[in-house]
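Quick look at my_file-v3.csv (CSV, C-alpha atoms and all ligand atoms):
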```csv
chain,number,residue,atom,x,y,z
G,1,MET,CA,157.6,-174.0,-9.9
G,2,PHE,CA,156.1,-170.9,-11.5
G,3,SER,CA,157.1,-168.7,-8.6
G,4,LYS,CA,160.7,-169.7,-8.9
G,5,LEU,CA,160.6,-169.4,-12.7
G,6,PHE,CA,158.9,-166.0,-12.7
G,7,PRO,CA,161.9,-163.7,-11.9
G,8,ILE,CA,164.0,-165.6,-14.4
G,9,VAL,CA,161.4,-165.1,-17.1
G,10,ILE,CA,161.2,-161.4,-16.3
G,11,ILE,CA,164.9,-160.9,-16.4
G,12,THR,CA,165.2,-162.8,-19.7
G,13,CYS,CA,162.4,-160.8,-21.1
G,14,LEU,CA,163.9,-157.5,-20.1
G,15,LEU,CA,167.3,-158.5,-21.6
G,16,SER,CA,165.9,-159.9,-24.8
G,17,ALA,CA,162.7,-157.8,-25.0
G,18,CYS,CA,161.0,-161.2,-25.5
G,19,ALA,CA,159.0,-160.4,-28.6
G,20,THR,CA,158.8,-158.1,-31.6
G,21,SER,CA,155.4,-156.9,-32.9
G,22,PRO,CA,154.5,-157.0,-36.6
G,23,THR,CA,155.5,-153.3,-36.9
G,24,GLY,CA,158.9,-154.1,-35.4
G,25,ARG,CA,158.3,-152.8,-31.9
G,26,SER,CA,159.9,-154.6,-28.9
G,27,GLN,CA,157.4,-156.1,-26.6
G,28,PHE,CA,157.4,-157.3,-23.0
G,29,ILE,CA,155.4,-160.5,-23.3
G,30,PHE,CA,155.7,-163.6,-21.1
G,31,MET,CA,152.3,-165.2,-21.0
G,32,PRO,CA,152.2,-168.3,-23.2
G,33,ASP,CA,150.2,-167.7,-26.4
G,34,THR,CA,148.2,-170.9,-25.8
G,35,GLN,CA,147.0,-169.4,-22.5
G,36,ILE,CA,146.0,-166.1,-23.9
G,37,ASN,CA,144.2,-167.9,-26.8
G,38,GLN,CA,142.4,-170.0,-24.2
G,39,MET,CA,141.3,-166.8,-22.4
G,40,GLY,CA,140.0,-165.4,-25.7
G,41,LEU,CA,138.1,-168.6,-26.6
G,42,GLN,CA,136.6,-168.8,-23.1
G,43,ALA,CA,135.6,-165.1,-23.2
G,44,PHE,CA,133.9,-165.6,-26.6
G,45,ASP,CA,132.0,-168.6,-25.3
G,46,THR,CA,130.9,-166.6,-22.3
G,47,LEU,CA,129.8,-163.7,-24.6
G,48,LYS,CA,127.8,-166.1,-26.8
G,49,ARG,CA,126.2,-167.5,-23.7
G,50,ASP,CA,125.3,-164.0,-22.3
G,51,LYS,CA,124.5,-162.0,-25.4
G,52,LYS,CA,121.8,-162.3,-28.1
G,53,ILE,CA,123.2,-163.6,-31.4
G,54,SER,CA,121.8,-161.8,-34.5
G,55,TYR,CA,120.3,-163.9,-37.3
G,56,ASN,CA,119.7,-160.9,-39.6
G,57,GLY,CA,120.7,-162.4,-42.9
G,58,GLN,CA,121.9,-159.2,-44.5
G,59,TYR,CA,124.1,-158.3,-41.5
G,60,ASN,CA,125.6,-161.7,-41.2
G,61,GLN,CA,126.3,-162.0,-44.9
G,62,ALA,CA,128.1,-158.6,-45.1
G,63,THR,CA,130.1,-159.2,-41.9
G,64,THR,CA,131.2,-162.7,-42.8
G,65,CYS,CA,132.1,-161.6,-46.4
G,66,ILE,CA,134.2,-158.7,-45.1
G,67,ALA,CA,135.9,-160.7,-42.3
G,68,ASN,CA,136.6,-163.5,-44.7
G,69,ALA,CA,138.3,-161.2,-47.2
G,70,ILE,CA,140.6,-159.8,-44.4
G,71,THR,CA,141.3,-163.1,-42.6
G,72,GLN,CA,142.3,-164.7,-46.0
G,73,VAL,CA,145.2,-162.2,-46.0
G,74,VAL,CA,146.1,-163.2,-42.4
G,75,GLY,CA,145.5,-166.9,-42.7
G,76,GLY,CA,144.1,-169.3,-40.1
G,77,SER,CA,140.4,-170.1,-39.4
G,78,TRP,CA,138.4,-167.4,-37.7
G,79,GLU,CA,134.9,-167.5,-36.2
G,80,VAL,CA,132.7,-164.4,-36.8
G,81,VAL,CA,129.5,-163.7,-34.8
G,82,VAL,CA,127.1,-160.8,-35.1
G,83,PHE,CA,125.6,-159.8,-31.8
G,84,GLU,CA,122.2,-158.2,-31.4
G,85,ASP,CA,123.3,-155.1,-29.5
G,86,SER,CA,122.5,-151.5,-30.4
G,87,SER,CA,125.8,-150.1,-29.1
G,88,PRO,CA,128.2,-149.6,-31.9
G,89,ASN,CA,131.0,-152.0,-31.0
G,90,ALA,CA,133.2,-154.7,-32.5
G,91,PHE,CA,136.1,-156.8,-31.2
G,92,ALA,CA,138.5,-159.5,-32.1
G,93,LEU,CA,139.9,-161.9,-29.5
G,94,PRO,CA,143.1,-164.0,-29.3
G,95,GLY,CA,142.1,-167.5,-30.6
G,96,ASN,CA,140.7,-166.0,-33.8
G,97,LYS,CA,137.3,-164.8,-32.7
G,98,ILE,CA,135.5,-161.8,-34.1
G,99,GLY,CA,132.4,-160.2,-32.8
G,100,VAL,CA,130.4,-157.3,-34.4
G,101,HIS,CA,127.4,-155.6,-32.8
G,102,THR,CA,124.4,-154.8,-35.0
G,103,GLY,CA,124.8,-151.2,-33.7
G,104,MET,CA,128.2,-151.0,-35.5
G,105,LEU,CA,126.6,-152.3,-38.7
G,106,LYS,CA,124.0,-149.6,-38.4
G,107,LEU,CA,126.6,-146.9,-37.8
G,108,VAL,CA,129.0,-147.6,-40.7
G,109,ASP,CA,128.3,-146.1,-44.2
G,110,ASN,CA,129.8,-148.9,-46.3
G,111,GLN,CA,131.7,-152.1,-46.5
G,112,GLU,CA,135.1,-150.2,-46.4
G,113,GLN,CA,134.3,-148.7,-43.0
G,114,LEU,CA,133.4,-152.0,-41.5
G,115,ALA,CA,136.6,-153.5,-43.1
G,116,ALA,CA,138.5,-150.7,-41.3
G,117,VAL,CA,137.0,-151.7,-38.0
G,118,ILE,CA,137.6,-155.4,-38.4
G,119,GLY,CA,141.2,-154.8,-39.7
G,120,HIS,CA,141.9,-152.6,-36.7
G,121,GLU,CA,140.6,-155.3,-34.3
G,122,ILE,CA,142.6,-158.0,-36.0
G,123,GLY,CA,145.6,-155.7,-35.8
G,124,HIS,CA,145.3,-155.8,-32.0
G,125,VAL,CA,145.2,-159.6,-32.1
G,126,LEU,CA,148.1,-160.0,-34.5
G,127,ALA,CA,150.3,-157.6,-32.4
G,128,LYS,CA,149.4,-159.7,-29.3
G,129,HIS,CA,148.2,-156.6,-27.4
G,130,SER,CA,146.1,-158.7,-24.9
G,131,ASN,CA,149.2,-160.7,-24.0
G,132,GLU,CA,151.2,-157.5,-23.6
G,133,ARG,CA,148.5,-156.1,-21.3
G,134,ALA,CA,148.3,-159.3,-19.3
G,135,SER,CA,152.1,-159.6,-19.0
G,136,GLN,CA,152.2,-156.1,-17.6
G,137,GLU,CA,149.5,-156.6,-15.1
G,138,ILE,CA,149.3,-160.2,-13.9
G,139,ALA,CA,151.8,-162.5,-12.5
G,140,MET,CA,152.3,-166.0,-13.9
G,141,ASN,CA,150.8,-167.7,-11.0
G,142,GLN,CA,147.5,-165.8,-11.5
G,143,GLY,CA,147.4,-167.2,-15.0
G,144,LEU,CA,145.4,-170.4,-14.3
G,145,ASN,CA,143.0,-168.6,-12.0
G,146,ILE,CA,142.2,-165.9,-14.5
G,147,LEU,CA,141.5,-168.6,-17.2
G,148,GLN,CA,138.9,-170.2,-14.9
G,149,ALA,CA,137.5,-166.8,-14.1
G,150,MET,CA,136.6,-166.2,-17.8
G,151,THR,CA,133.3,-168.1,-17.2
G,152,MET,CA,132.5,-165.7,-14.3
G,153,PRO,CA,132.8,-162.3,-16.0
G,154,THR,CA,131.4,-160.4,-13.0
G,155,SER,CA,134.0,-161.7,-10.5
G,156,ALA,CA,137.0,-159.5,-9.8
G,157,LEU,CA,139.5,-161.7,-11.7
G,158,GLY,CA,136.9,-162.2,-14.5
G,159,GLN,CA,136.5,-158.5,-14.9
G,160,LEU,CA,140.3,-158.1,-15.1
G,161,GLY,CA,140.5,-160.8,-17.8
G,162,PHE,CA,137.7,-159.3,-19.9
G,163,GLY,CA,139.2,-155.9,-19.5
G,164,LEU,CA,142.6,-157.1,-20.7
G,165,LEU,CA,140.9,-158.7,-23.8
G,166,GLY,CA,139.2,-155.4,-24.6
G,167,VAL,CA,135.7,-156.7,-24.1
G,168,GLY,CA,135.2,-155.7,-20.4
G,169,ALA,CA,132.6,-153.1,-21.2
G,170,GLU,CA,130.1,-156.0,-21.6
G,171,TYR,CA,130.6,-156.6,-17.9
G,172,GLY,CA,131.0,-153.1,-16.6
G,173,ILE,CA,134.8,-152.6,-16.9
G,174,LEU,CA,136.5,-150.4,-19.5
G,175,LYS,CA,140.2,-150.9,-20.1
G,176,PRO,CA,141.2,-148.6,-23.0
G,177,TYR,CA,144.1,-149.5,-25.2
G,178,GLY,CA,147.1,-147.2,-24.9
G,179,ARG,CA,148.3,-144.8,-27.7
G,180,THR,CA,151.1,-147.1,-28.8
G,181,GLN,CA,148.8,-150.1,-29.2
G,182,GLU,CA,146.1,-148.0,-30.9
G,183,ASN,CA,148.6,-146.6,-33.5
G,184,GLU,CA,149.9,-150.1,-34.1
G,185,ALA,CA,146.5,-151.6,-34.6
G,186,ASP,CA,145.7,-148.7,-37.0
G,187,ILE,CA,148.8,-149.4,-39.1
G,188,ILE,CA,148.3,-153.2,-39.2
G,189,GLY,CA,144.5,-152.7,-39.9
G,190,VAL,CA,144.9,-150.2,-42.8
G,191,ASP,CA,147.4,-152.5,-44.4
G,192,LEU,CA,145.2,-155.5,-44.0
G,193,MET,CA,142.1,-153.9,-45.4
G,194,ALA,CA,144.1,-152.7,-48.4
G,195,LYS,CA,145.6,-156.1,-49.0
G,196,ALA,CA,142.1,-157.5,-48.9
G,197,GLY,CA,141.0,-155.1,-51.6
G,198,PHE,CA,139.1,-152.5,-49.5
G,199,ASP,CA,140.0,-148.8,-50.2
G,200,PRO,CA,142.1,-147.9,-47.2
G,201,ARG,CA,141.1,-144.2,-47.4
G,202,TYR,CA,137.8,-145.1,-45.7
G,203,SER,CA,139.7,-145.8,-42.5
G,204,VAL,CA,140.0,-142.1,-42.0
G,205,SER,CA,136.3,-141.5,-42.6
G,206,LEU,CA,135.5,-144.3,-40.2
G,207,TRP,CA,137.4,-142.7,-37.3
G,208,GLN,CA,135.9,-139.3,-38.1
G,209,LYS,CA,132.5,-140.9,-38.0
G,210,MET,CA,133.3,-142.5,-34.7
G,211,GLU,CA,134.4,-139.3,-33.2
G,212,GLN,CA,131.2,-137.5,-34.4
G,213,ALA,CA,129.1,-140.3,-33.0
G,214,SER,CA,130.8,-140.2,-29.6
G,215,GLN,CA,130.2,-136.5,-29.3
G,216,GLY,CA,126.4,-137.2,-29.3
G,217,LYS,CA,124.5,-138.2,-26.2
G,218,GLN,CA,125.1,-141.9,-26.6
G,219,THR,CA,128.4,-143.2,-25.3
G,220,VAL,CA,130.2,-145.1,-28.0
G,221,GLU,CA,131.6,-148.3,-26.4
G,222,PHE,CA,134.1,-148.8,-29.2
G,223,MET,CA,135.6,-145.3,-28.5
G,224,SER,CA,135.8,-146.1,-24.8
G,225,THR,CA,138.1,-149.0,-25.4
G,226,HIS,CA,139.8,-147.6,-28.5
G,227,PRO,CA,140.3,-144.0,-27.4
G,228,SER,CA,141.0,-141.5,-30.2
G,229,HIS,CA,144.3,-139.7,-30.0
G,230,ALA,CA,145.0,-136.5,-31.8
G,231,THR,CA,147.6,-138.3,-33.8
G,232,ARG,CA,145.4,-141.1,-35.1
G,233,ILE,CA,144.2,-139.6,-38.4
G,234,GLN,CA,147.7,-138.0,-38.9
G,235,ASN,CA,149.3,-141.5,-38.5
G,236,LEU,CA,146.8,-143.1,-40.9
G,237,GLU,CA,147.4,-140.4,-43.5
G,238,GLN,CA,151.1,-140.9,-43.1
G,239,ARG,CA,150.6,-144.6,-43.8
G,240,MET,CA,148.3,-144.0,-46.7
G,241,PRO,CA,150.8,-143.9,-49.6
G,242,GLN,CA,152.0,-147.4,-48.6
G,243,ALA,CA,148.4,-148.7,-48.0
G,244,MET,CA,147.3,-147.3,-51.4
G,245,GLY,CA,150.2,-149.3,-53.0
G,246,LEU,CA,148.9,-152.5,-51.3
G,247,TYR,CA,145.4,-151.7,-52.4
G,248,GLN,CA,146.3,-151.2,-56.1
G,249,GLN,CA,148.3,-154.4,-55.9
G,250,ALA,CA,145.3,-156.3,-54.5
G,251,GLN,CA,143.0,-154.8,-57.1
G,252,SER,CA,145.3,-155.9,-59.9
G,253,MET,CA,145.2,-159.4,-58.4
G,254,GLY,CA,141.4,-159.3,-58.8
G,255,LYS,CA,140.6,-158.7,-55.1
G,256,GLN,CA,137.5,-156.5,-55.4
G,257,PRO,CA,135.2,-157.6,-52.6
G,258,ARG,CA,131.5,-156.8,-53.0
G,259,CYS,CA,130.1,-157.6,-49.5
G,260,ALA,CA,127.4,-154.9,-49.0
G,301,ZN,ZN,142.0,-150.3,-30.9
```

Written as structure tokens, that's how I'd like the structure from this file.
Amino acid sequence: MFSKLFPIVIITCLLSACATSPTGRSQFIFMPDTQINQMGLQAFDTLKRDKKISYNGQYNQATTCIANAITQVVGGSWEVVVFEDSSPNAFALPGNKIGVHTGMLKLVDNQEQLAAVIGHEIGHVLAKHSNERASQEIAMNQGLNILQAMTMPTSALGQLGFGLLGVGAEYGILKPYGRTQENEADIIGVDLMAKAGFDPRYSVSLWQKMEQASQGKQTVEFMSTHPSHATRIQNLEQRMPQAMGLYQQAQSMGKQPRCA
């Protein structure tokens, strides 16, 4: 049934562009959201199975507090887990899952920078970038197989799935987001952190810090999947007047998170 349906779906998508992202961009998306969410949930379960979870009280308290402030803006219930992993990385998955490495918590200077990271990651989820990547790369009839493969992250299909979700580095595959998706996640992210009451100007210092860190000897996993383009800081600065307006609004509503 799917193989007959598939060309029709593609044509319909091409004609109607299928979806519009939160920034108003037309997207080619044809995977059902339920399936992409299932992939995210399964990937998160696999990561929790394979990785060491951190029980550092300070880290967990700060991460949960910052993530809660941001997800309150977005709505829905989100699960947040801190992983014991020295590589500075963080991710958010379809199905409302957020993972932060202890290495990222060590790297950031303040709550605002971690809010910028989490806001950016949630931006990828809200703009359905995993679905977009999957729609571009896999046929509908692979969909069920890829879901099953999410418990076997080292299989070929499992690697593809983890790569599409942006957490493939865990299993030896890096699939960087493209420039369009990065810029979009930046814009959504900076708006989100501002609406949650975090000073959005720290998003710029966060990326500067990331770039500095990645110039050192240690590879920064986060930078491998979220490549920095020359225009990133320029785009963030362009968005700043609007983000500052949202920040002032949030502050006047009493949103002044003290997470760390
Ligand atoms: Zn990104």

Please identify every polymer residue within 9 Å of ligand ZN 301 (chain G), using only C-alpha atoms and all ligand atoms, and present the set as a compact mmCIF listing (two decimals) with C-alpha atoms, in the frame of the given file.
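Result file selection-v2.txt:
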```txt
# COMPACT_ATOMS: atom_id res chain seq x y z
CA PHE G 91 136.10 -156.80 -31.20
CA VAL G 117 137.00 -151.70 -38.00
CA HIS G 120 141.90 -152.60 -36.70
CA GLU G 121 140.60 -155.30 -34.30
CA GLY G 123 145.60 -155.70 -35.80
CA HIS G 124 145.30 -155.80 -32.00
CA GLY G 166 139.20 -155.40 -24.60
CA PRO G 176 141.20 -148.60 -23.00
CA TYR G 177 144.10 -149.50 -25.20
CA GLY G 178 147.10 -147.20 -24.90
CA ARG G 179 148.30 -144.80 -27.70
CA GLN G 181 148.80 -150.10 -29.20
CA GLU G 182 146.10 -148.00 -30.90
CA ASN G 183 148.60 -146.60 -33.50
CA GLU G 184 149.90 -150.10 -34.10
CA ALA G 185 146.50 -151.60 -34.60
CA ASP G 186 145.70 -148.70 -37.00
CA PHE G 222 134.10 -148.80 -29.20
CA MET G 223 135.60 -145.30 -28.50
CA THR G 225 138.10 -149.00 -25.40
CA HIS G 226 139.80 -147.60 -28.50
CA PRO G 227 140.30 -144.00 -27.40
CA SER G 228 141.00 -141.50 -30.20
```

### Query
Of the candidates G:Val204, G:Ile187, G:Ala196, G:Ala156, which one gets nearest to G:Asn68 if we count all atoms listed in the file?
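Using all atoms listed in the file, G:Asn68 sits closest to G:Ala196.
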
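The closest residue to G:Lys48, picked from G:Asp33, G:Asp109, G:Glu137, G:Glu170 and counting all atoms listed in the file, is G:Glu170.
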
### Given all atoms listed in the file as the counted atoms, nearest of G:Gly197, G:Val81, G:Thr219, G:Gly172 to G:Tyr247
G:Gly197

### Message
I'd like the neighbourhood of G:Val80 as number ranges by chain, where a residue qualifies if any of its atoms comes within 12 Å (using only C-alpha atoms), though same-chain residues fewer than 3 positions away should be ignored.
### Response
G: 44, 48, 53-54, 59-68, 70-71, 77, 83, 90-93, 95-101, 118, 122

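Reported to one decimal place, the separation of atom CA of G:His129 from atom CA of G:Lys175 is 12.2 Å.
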
### Message
Between G:Gln159, G:Ser203, G:Asn145, G:Gln248, which residue has the minimum interatomic distance to G:Gln111, considering only C-alpha atoms?
### Response
G:Ser203

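With all atoms listed in the file as the atoms that count, the residue of G:Ser87, G:Thr20, G:Asn56, G:Gln27 with the shortest distance to G:Ala213 is G:Ser87.
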
### Query
In terms of the shortest atom-to-atom distance over all atoms listed in the file, which of G:Gln256, G:Ser21, G:Thr154, G:Ser224 is closest to G:Glu112?
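Among the listed residues, the smallest separation from G:Glu112 belongs to G:Gln256.
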
#### Entry: Separation of atom CA of G:Gly119 from atom CA of G:Met193 in Å
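Between atom CA of G:Met193 and atom CA of G:Gly119 the gap works out to 5.8 Å.
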
### Task
Skip stretch 34-36 of chain G itself and residues of its chain fewer than 5 positions away, then list as a list in words all residues within 8 Å of it, counting only C-alpha atoms.
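My reading of the contact set: Pro94, Gly95, Ser130, Asn131, Gly143 and Leu147 of chain G.
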
#### Entry: Computed interatomic separation between atom CA of G:Pro200 and atom CA of G:Gln215 (Å)
24.3 Å
